[in-house]
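This is model-v7.cif. It holds mmCIF, C-alpha atoms.
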```
data_protein
#
loop_
_atom_site.label_atom_id
_atom_site.label_comp_id
_atom_site.auth_asym_id
_atom_site.auth_seq_id
_atom_site.Cartn_x
_atom_site.Cartn_y
_atom_site.Cartn_z
CA MET A 1 69.69 3.68 2.61
CA ARG A 2 72.33 5.29 0.39
CA SER A 3 69.93 5.36 -2.55
CA ASP A 4 67.36 7.14 -0.39
CA ARG A 5 69.94 9.72 0.60
CA ARG A 6 70.96 10.22 -3.06
CA THR A 7 67.30 10.73 -3.93
CA LEU A 8 66.94 13.35 -1.21
CA ASP A 9 70.15 15.01 -2.41
CA ARG A 10 68.72 15.27 -5.94
CA LEU A 11 65.58 16.86 -4.57
CA GLY A 12 67.66 19.34 -2.57
CA VAL A 13 66.06 18.31 0.71
CA VAL A 14 69.33 17.55 2.48
CA ASN A 15 70.97 20.75 1.27
CA VAL A 16 68.02 22.89 2.29
CA ALA A 17 67.78 21.26 5.72
CA GLY A 18 71.53 21.54 6.23
CA SER A 19 71.56 25.21 5.26
CA ALA A 20 68.67 25.93 7.60
CA LEU A 21 70.34 24.20 10.54
CA ARG A 22 73.54 26.15 9.94
CA ASP A 23 71.57 29.35 10.49
CA PRO A 24 72.06 30.35 14.16
CA LEU A 25 68.59 31.92 14.27
CA VAL A 26 67.02 28.63 13.19
CA ARG A 27 69.07 26.58 15.64
CA GLY A 28 68.18 28.92 18.48
CA GLY A 29 64.48 28.86 17.64
CA LEU A 30 64.39 25.07 17.33
CA SER A 31 66.17 24.66 20.65
CA MET A 32 63.40 26.70 22.29
CA GLY A 33 60.79 24.43 20.77
CA LEU A 34 62.64 21.40 22.09
CA ALA A 35 62.95 22.92 25.57
CA VAL A 36 59.24 23.70 25.88
CA ALA A 37 58.41 20.24 24.51
CA LEU A 38 60.26 18.70 27.45
CA ILE A 39 58.30 20.89 29.88
CA GLY A 40 55.15 20.02 27.92
CA ILE A 41 55.69 16.34 28.73
CA ALA A 42 55.36 17.11 32.44
CA TYR A 43 52.40 19.39 31.75
CA GLY A 44 50.53 16.69 29.83
CA ALA A 45 51.28 14.09 32.50
CA LEU A 46 50.01 16.39 35.26
CA THR A 47 46.82 17.03 33.31
CA VAL A 48 46.03 13.32 33.12
CA ASP A 49 47.05 12.78 36.75
CA GLY A 50 44.52 15.46 37.74
CA GLY A 51 41.72 13.43 36.17
CA LEU A 52 41.44 15.59 33.06
CA PRO A 53 41.25 14.08 29.54
CA VAL A 54 44.45 13.41 27.64
CA TRP A 55 43.40 15.65 24.74
CA LEU A 56 42.92 18.76 26.89
CA ALA A 57 46.58 19.73 27.31
CA PRO A 58 47.55 19.53 23.61
CA LEU A 59 44.32 21.32 22.62
CA LEU A 60 45.08 24.19 25.01
CA GLY A 61 48.65 24.13 23.75
CA VAL A 62 47.49 24.88 20.21
CA VAL A 63 44.61 27.25 20.95
CA VAL A 64 45.95 29.18 23.95
CA LEU A 65 49.72 28.70 23.54
CA ALA A 66 50.58 30.28 26.88
CA GLY A 67 52.31 27.71 29.06
CA ALA A 68 52.09 29.43 32.45
CA SER A 69 48.37 30.21 32.04
CA GLU A 70 47.61 26.71 30.84
CA MET A 71 49.47 25.07 33.71
CA LEU A 72 47.76 27.35 36.23
CA PHE A 73 44.33 26.55 34.76
CA VAL A 74 44.99 22.81 34.73
CA GLY A 75 46.48 22.84 38.22
CA LEU A 76 43.53 24.73 39.71
CA ALA A 77 40.90 22.74 37.82
CA ALA A 78 42.51 19.44 38.85
CA GLY A 79 42.63 20.68 42.45
CA GLY A 80 38.88 21.17 42.58
CA THR A 81 38.61 24.89 41.75
CA SER A 82 35.65 25.94 39.62
CA PRO A 83 36.71 25.97 35.94
CA TRP A 84 35.39 29.53 35.71
CA LEU A 85 37.59 30.73 38.58
CA ALA A 86 40.53 28.83 37.12
CA MET A 87 39.92 30.52 33.77
CA VAL A 88 39.84 33.98 35.38
CA ALA A 89 43.13 33.28 37.16
CA ALA A 90 44.71 32.06 33.91
CA LEU A 91 43.50 35.14 32.03
CA LEU A 92 45.00 37.42 34.66
CA VAL A 93 48.35 35.68 34.29
CA ASN A 94 48.03 36.11 30.54
CA THR A 95 47.69 39.92 30.79
CA ARG A 96 51.46 39.99 30.33
CA HIS A 97 50.72 39.62 26.62
CA LEU A 98 49.44 43.20 26.50
CA PRO A 99 52.90 44.77 26.92
CA TYR A 100 54.30 41.94 24.78
CA GLY A 101 52.03 43.02 21.95
CA MET A 102 53.20 46.62 22.16
CA ALA A 103 56.85 45.54 22.27
CA VAL A 104 56.70 43.30 19.19
CA ARG A 105 54.15 45.09 17.01
CA ARG A 106 56.88 45.89 14.48
CA PHE A 107 57.49 42.15 14.03
CA LEU A 108 53.91 41.25 13.16
CA GLY A 109 53.60 42.43 9.55
CA ASP A 110 50.26 42.59 7.75
CA GLY A 111 47.43 40.34 6.58
CA TRP A 112 47.34 36.64 7.46
CA LYS A 113 51.00 36.72 8.56
CA ARG A 114 50.07 39.22 11.24
CA LEU A 115 47.40 36.84 12.55
CA VAL A 116 49.86 33.94 12.68
CA ARG A 117 52.61 35.97 14.35
CA THR A 118 50.14 37.33 16.88
CA HIS A 119 49.05 33.82 17.78
CA VAL A 120 52.62 32.59 18.31
CA MET A 121 53.40 35.45 20.71
CA ASN A 122 54.80 33.86 23.86
CA ASP A 123 57.59 34.35 26.38
CA GLU A 124 60.17 32.58 24.22
CA SER A 125 59.37 34.19 20.87
CA VAL A 126 59.18 37.69 22.37
CA ALA A 127 62.47 37.33 24.23
CA TYR A 128 64.22 35.82 21.19
CA GLY A 129 62.94 38.51 18.83
CA LEU A 130 63.80 41.42 21.10
CA ALA A 131 67.30 40.04 21.62
CA GLN A 132 68.15 40.68 17.95
CA ARG A 133 69.50 44.07 16.93
CA ASP A 134 68.82 43.83 13.20
CA PRO A 135 65.08 44.40 12.44
CA ASP A 136 64.95 41.65 9.79
CA HIS A 137 66.71 39.19 12.08
CA ALA A 138 64.38 40.16 14.90
CA ARG A 139 61.29 39.35 12.87
CA ARG A 140 62.75 36.05 11.67
CA ALA A 141 63.85 35.06 15.15
CA TYR A 142 60.45 35.90 16.61
CA THR A 143 58.64 33.92 13.92
CA ILE A 144 60.93 30.87 14.06
CA ALA A 145 60.76 30.65 17.85
CA GLY A 146 57.00 31.16 17.88
CA LEU A 147 56.33 28.45 15.30
CA SER A 148 58.78 26.11 17.01
CA VAL A 149 56.96 26.53 20.33
CA LEU A 150 53.60 26.12 18.57
CA VAL A 151 54.75 22.68 17.39
CA GLY A 152 56.84 21.59 20.37
CA TRP A 153 54.54 22.56 23.24
CA PRO A 154 51.38 20.65 22.24
CA LEU A 155 53.37 17.66 20.98
CA GLY A 156 55.17 17.48 24.31
CA ALA A 157 51.84 17.81 26.12
CA LEU A 158 50.36 14.96 24.06
CA ALA A 159 53.36 12.74 24.74
CA GLY A 160 53.17 13.57 28.44
CA GLY A 161 49.46 12.79 28.57
CA LEU A 162 50.03 9.39 27.04
CA LEU A 163 52.98 8.69 29.33
CA GLY A 164 51.03 9.87 32.34
CA GLN A 165 48.62 7.02 31.88
CA VAL A 166 51.30 4.37 32.30
CA ILE A 167 53.97 5.79 34.68
CA ASP A 168 54.10 6.70 38.38
CA GLN A 169 54.44 10.49 38.32
CA GLU A 170 55.54 10.82 41.94
CA ALA A 171 58.34 8.32 41.37
CA TRP A 172 59.56 10.34 38.40
CA GLY A 173 59.14 13.69 40.16
CA LEU A 174 56.70 15.10 37.62
CA ASP A 175 54.37 16.22 40.39
CA ALA A 176 56.96 18.86 41.37
CA VAL A 177 57.10 20.49 37.95
CA PHE A 178 53.97 22.63 38.26
CA PRO A 179 54.88 24.35 41.56
CA ALA A 180 58.46 24.75 40.33
CA VAL A 181 57.30 26.57 37.19
CA ILE A 182 54.99 28.87 39.16
CA LEU A 183 57.81 29.62 41.62
CA ALA A 184 60.14 30.42 38.73
CA LEU A 185 57.58 32.90 37.42
CA LEU A 186 57.23 34.59 40.81
CA LEU A 187 60.88 34.95 41.81
CA PRO A 188 61.79 37.64 39.22
CA ALA A 189 58.95 39.81 40.57
CA LEU A 190 60.72 40.01 43.94
CA HIS A 191 63.48 42.05 42.30
CA GLU A 192 61.01 44.86 41.50
CA SER A 193 60.14 47.01 44.50
CA ARG A 194 56.64 47.84 43.24
CA LEU A 195 55.79 44.13 42.88
CA ARG A 196 57.45 42.83 46.04
CA LEU A 197 54.64 43.74 48.44
CA PRO A 198 51.78 42.40 46.24
CA VAL A 199 53.64 39.12 45.67
CA LEU A 200 54.29 38.66 49.39
CA VAL A 201 50.67 39.53 50.25
CA ALA A 202 49.42 37.03 47.64
CA ALA A 203 51.69 34.34 49.10
CA VAL A 204 50.51 34.98 52.67
CA VAL A 205 46.84 35.00 51.66
CA SER A 206 47.17 31.81 49.62
CA VAL A 207 49.10 29.86 52.26
CA THR A 208 46.75 30.99 55.03
CA ALA A 209 43.66 30.11 52.98
CA VAL A 210 44.83 26.52 52.50
CA ALA A 211 43.72 25.75 56.07
CA TRP A 212 40.06 26.72 55.55
CA ALA A 213 39.27 27.38 51.88
CA PRO A 214 37.75 24.67 49.65
CA ALA A 215 40.26 22.64 47.65
CA GLY A 216 41.83 24.63 44.84
CA LEU A 217 40.47 28.01 45.94
CA ALA A 218 43.47 29.18 47.99
CA PRO A 219 45.68 30.16 45.00
CA VAL A 220 42.79 32.11 43.46
CA LEU A 221 42.35 34.09 46.70
CA GLY A 222 45.92 35.25 46.25
CA LEU A 223 44.63 37.35 43.36
CA LEU A 224 43.18 39.70 45.99
CA ALA A 225 46.64 41.28 45.97
CA LEU A 226 46.10 42.48 42.39
CA PRO A 227 44.64 45.88 43.48
CA LEU A 228 47.93 46.54 45.29
CA VAL A 229 49.77 46.17 42.00
CA LEU A 230 47.43 48.60 40.27
CA LEU A 231 47.58 51.09 43.17
CA ARG A 232 51.36 51.11 43.28
CA ARG A 233 51.54 51.45 39.50
CA TRP A 234 49.11 54.40 39.64
CA ARG A 235 51.20 56.12 42.32
CA HIS A 236 54.37 55.75 40.25
CA ALA A 237 52.71 56.95 37.03
#
```
Show me this structure written as structure tokens.
Amino acid sequence: MRSDRRTLDRLGVVNVAGSALRDPLVRGGLSMGLAVALIGIAYGALTVDGGLPVWLAPLLGVVVLAGASEMLFVGLAAGGTSPWLAMVAALLVNTRHLPYGMAVRRFLGDGWKRLVRTHVMNDESVAYGLAQRDPDHARRAYTIAGLSVLVGWPLGALAGGLLGQVIDQEAWGLDAVFPAVILALLLPALHESRLRLPVLVAAVVSVTAVAWAPAGLAPVLGLLALPLVLLRRWRHA
């Protein structure tokens, strides 16, 4: 064991890793990857519990890399909603990336790096990058967090999918994760006066529709409140 460590020391691996971990930007970015990996475990388990294949969650995690949209799509599809309607709902949730793109365009760079940084745009990387005052630190923070989430989220989803095949999800409380995440996304909107009415209307429509709509369709019907958002935004423009 000591000889292995001496070998790594000669190669500079230990020193490089130690220096990287002493960087607060690296530590912060890696902690975000670890946090989303833990949520990804529940996401992967819920995907399998909904009768979907174990590979779907990690594949979406790499290709889409938008946790809220993925969980909404999986939740609706597992509940019996048409995959096309579920995809539309997920895309609407993902429209938040439009203002994200405008906010972080200075972080993206040029060429292939721009493509990579655009792909790793997510809630965590955007928030971490914008929190930095120094432009160079902001770009590094954005990139580190984005790459960390790109690794952690699908790996967590894969682990959760495999675990979901062998554990009782209700006993472990994993079945409550999806509604908890959606609720966490909705609560901040109640603090904005222009979003309060549309959110409440969507909630009323969705809850009412549960009694008569086909399985999985009720949450999609809540999207009928979207024109209220656009109307109120137009009035305040």
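Picture a line from CA of Val64 (chain A) to CA of Trp153 (chain A); it runs 10.9 Å.
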Explicit residues for the PyMOL selection byres ((chain A and resi 40) around 7) (as a short mmCIF file (atom, residue, chain, number, x, y, z; two decimals) with C-alpha atoms, in the coordinates of the input):
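selection_31.cif, freshly written:
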```cif
data_model
loop_
_atom_site.label_atom_id
_atom_site.label_comp_id
_atom_site.auth_asym_id
_atom_site.auth_seq_id
_atom_site.Cartn_x
_atom_site.Cartn_y
_atom_site.Cartn_z
CA VAL A 36 59.24 23.70 25.88
CA ALA A 37 58.41 20.24 24.51
CA LEU A 38 60.26 18.70 27.45
CA ILE A 39 58.30 20.89 29.88
CA ILE A 41 55.69 16.34 28.73
CA ALA A 42 55.36 17.11 32.44
CA TYR A 43 52.40 19.39 31.75
CA GLY A 44 50.53 16.69 29.83
CA TRP A 153 54.54 22.56 23.24
CA PRO A 154 51.38 20.65 22.24
CA GLY A 156 55.17 17.48 24.31
CA ALA A 157 51.84 17.81 26.12
CA GLY A 160 53.17 13.57 28.44
#
```
**Request:** Just give me the gap between CA of Ser148 (chain A) and CA of Gly33 (chain A) in Å, one decimal is fine.
**Result:** 4.6 Å
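Remark: for Arg114 (chain A), the closest of the candidate residues A:Val93, A:Arg139, A:Thr81, A:Ser31 is A:Arg139 (distances computed over all atoms listed in the file).
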**Asked** What does the distance from CA of Asn94 (chain A) to CA of Trp212 (chain A) come to in Å, to one decimal?
**Response** 27.9 Å
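Within 10 Å of region 99-105 of chain A, once all atoms listed in the file are used and residues closer than 3 positions along the same chain are dropped, the contacting residues are Thr95, Arg96, Leu108, Gly109, Arg114, Arg117, Thr118, Met121, Asn122, Asp123, Ser125, Val126, Ala127, Gly129, Leu130, Ala138, Arg139 and Tyr142 of chain A.
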Please produce a file of those selected residues containing C-alpha atoms, as a PDB file, keeping the file's coordinate frame.
```pdb
ATOM      1  CA  THR A  95      47.690  39.920  30.790  1.00  0.00           C
ATOM      2  CA  ARG A  96      51.460  39.990  30.330  1.00  0.00           C
ATOM      3  CA  LEU A 108      53.910  41.250  13.160  1.00  0.00           C
ATOM      4  CA  GLY A 109      53.600  42.430   9.550  1.00  0.00           C
ATOM      5  CA  ARG A 114      50.070  39.220  11.240  1.00  0.00           C
ATOM      6  CA  ARG A 117      52.610  35.970  14.350  1.00  0.00           C
ATOM      7  CA  THR A 118      50.140  37.330  16.880  1.00  0.00           C
ATOM      8  CA  MET A 121      53.400  35.450  20.710  1.00  0.00           C
ATOM      9  CA  ASN A 122      54.800  33.860  23.860  1.00  0.00           C
ATOM     10  CA  ASP A 123      57.590  34.350  26.380  1.00  0.00           C
ATOM     11  CA  SER A 125      59.370  34.190  20.870  1.00  0.00           C
ATOM     12  CA  VAL A 126      59.180  37.690  22.370  1.00  0.00           C
ATOM     13  CA  ALA A 127      62.470  37.330  24.230  1.00  0.00           C
ATOM     14  CA  GLY A 129      62.940  38.510  18.830  1.00  0.00           C
ATOM     15  CA  LEU A 130      63.800  41.420  21.100  1.00  0.00           C
ATOM     16  CA  ALA A 138      64.380  40.160  14.900  1.00  0.00           C
ATOM     17  CA  ARG A 139      61.290  39.350  12.870  1.00  0.00           C
ATOM     18  CA  TYR A 142      60.450  35.900  16.610  1.00  0.00           C
TER      19      TYR A 142
END
```
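The protein and nucleic acid residues lying at most 7 Å from Ala86 (chain A) are Phe73, Leu76, Ala77 and Thr81 of chain A, with only C-alpha atoms considered and sequence neighbours fewer than 5 positions away removed.
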Go through the shown structure with the PyMOL selection byres ((chain A and resi 45-51) around 8) and write out the matching residues as a compact mmCIF listing (two decimals) with C-alpha atoms, in the coordinates of the input.
```
# COMPACT_ATOMS: atom_id res chain seq x y z
CA ILE A 41 55.69 16.34 28.73
CA ALA A 42 55.36 17.11 32.44
CA TYR A 43 52.40 19.39 31.75
CA GLY A 44 50.53 16.69 29.83
CA LEU A 52 41.44 15.59 33.06
CA PRO A 53 41.25 14.08 29.54
CA VAL A 54 44.45 13.41 27.64
CA LEU A 56 42.92 18.76 26.89
CA ALA A 57 46.58 19.73 27.31
CA VAL A 74 44.99 22.81 34.73
CA GLY A 75 46.48 22.84 38.22
CA ALA A 78 42.51 19.44 38.85
CA GLY A 79 42.63 20.68 42.45
CA ALA A 157 51.84 17.81 26.12
CA GLY A 160 53.17 13.57 28.44
CA GLY A 161 49.46 12.79 28.57
CA LEU A 162 50.03 9.39 27.04
CA LEU A 163 52.98 8.69 29.33
CA GLY A 164 51.03 9.87 32.34
CA GLN A 165 48.62 7.02 31.88
CA GLN A 169 54.44 10.49 38.32
CA LEU A 174 56.70 15.10 37.62
CA ASP A 175 54.37 16.22 40.39
CA PHE A 178 53.97 22.63 38.26
```
**Message:** as number ranges by chain, please: the residues near Leu155 (chain A) (cut-off 7 Å, only C-alpha atoms, same-chain neighbours under 4 positions excluded).
**Reply:** A: 37, 58, 151, 159
If you keep C-alpha atoms, can you produce a file of those selected residues as a PDB file, in the frame of the given file?
```pdb
ATOM      1  CA  ALA A  37      58.410  20.240  24.510  1.00  0.00           C
ATOM      2  CA  PRO A  58      47.550  19.530  23.610  1.00  0.00           C
ATOM      3  CA  VAL A 151      54.750  22.680  17.390  1.00  0.00           C
ATOM      4  CA  ALA A 159      53.360  12.740  24.740  1.00  0.00           C
TER       5      ALA A 159
END
```
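Residue nearest Lys113 (chain A), chosen from A:Ala35, A:Leu147, A:Val201, A:Ala90 and counting all atoms listed in the file: A:Leu147.
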**Request:** Give as number ranges by chain every residue, naming chains and numbers as the document does, that has an atom within 7 Å of (60.2, 46.6, 13.6), counting all atoms listed in the file.
**Result:** A: 106-107, 135
**Asked** Between A:Met71, A:Ala89, A:Val120, A:Val166, which one has atoms that come closest to Ala145 (chain A), using only C-alpha atoms?
**Response** A:Val120
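Using all atoms listed in the file, the nearest neighbour of Gly67 (chain A) within the list A:Ala203, A:Val149, A:Ala211, A:Leu92 is A:Val149.
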